[in-house]
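First up is the structure itself, then whatever we jot down about it.
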Amino acid sequence: MSRFGEANRSAETLLKSTESQTLKDGLEDGLKSCRRKKTLKNQGLNMN
């Protein structure tokens with residue numbers, strides 16, 4: 001849960017400091033990263 005909170009804060013920072021296309025790419029990359037971490041966690045691997 002806290003990792004998603006950190007991701008949300010990072011997204012807010014991006015929102016304030018980037019152009020729209022860069023933001024879109026950054027959010028997509030961030031979402032993929034969150035999904036990858038969640039998948040690894042579900043497999044019993046703890047990526048930090």
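Every chain in the structure tokens has a letter given in the order shown (A, B, ...), and although residue numbers restart at 1 in each chain, ligands are simply numbered from 1 in the order shown.
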Residues near region 1-6 of chain A, cut-off 12 Å, only C-alpha atoms, skip fewer than 2 positions along chain, as a list in words: Asn8, Arg9, Ser10, Ala11, Glu12, Thr13, Gly30, Leu31, Ser33, Cys34, Arg35, Lys37, Lys38, Lys41, Met47 and Asn48 of chain A
Filtering to C-alpha atoms, could you give me those residues as an mmCIF file, in the first residue's frame?
data_model
loop_
_atom_site.group_PDB
_atom_site.id
_atom_site.type_symbol
_atom_site.label_atom_id
_atom_site.label_comp_id
_atom_site.auth_asym_id
_atom_site.auth_seq_id
_atom_site.Cartn_x
_atom_site.Cartn_y
_atom_site.Cartn_z
ATOM 1 C CA ASN A 8 1.014 8.533 -6.489
ATOM 2 C CA ARG A 9 3.289 11.225 -5.067
ATOM 3 C CA SER A 10 5.753 10.643 -7.907
ATOM 4 C CA ALA A 11 2.919 10.962 -10.425
ATOM 5 C CA GLU A 12 1.854 14.254 -8.830
ATOM 6 C CA THR A 13 5.426 15.531 -9.109
ATOM 7 C CA GLY A 30 5.313 3.897 -13.792
ATOM 8 C CA LEU A 31 2.171 1.822 -14.140
ATOM 9 C CA SER A 33 6.657 -0.819 -12.967
ATOM 10 C CA CYS A 34 3.900 -1.033 -10.338
ATOM 11 C CA ARG A 35 2.338 -4.005 -12.106
ATOM 12 C CA LYS A 37 6.429 -5.215 -8.661
ATOM 13 C CA LYS A 38 2.953 -6.481 -7.763
ATOM 14 C CA LYS A 41 5.418 -9.787 -4.894
ATOM 15 C CA MET A 47 11.845 -6.366 -4.997
ATOM 16 C CA ASN A 48 12.910 -3.242 -3.123
#
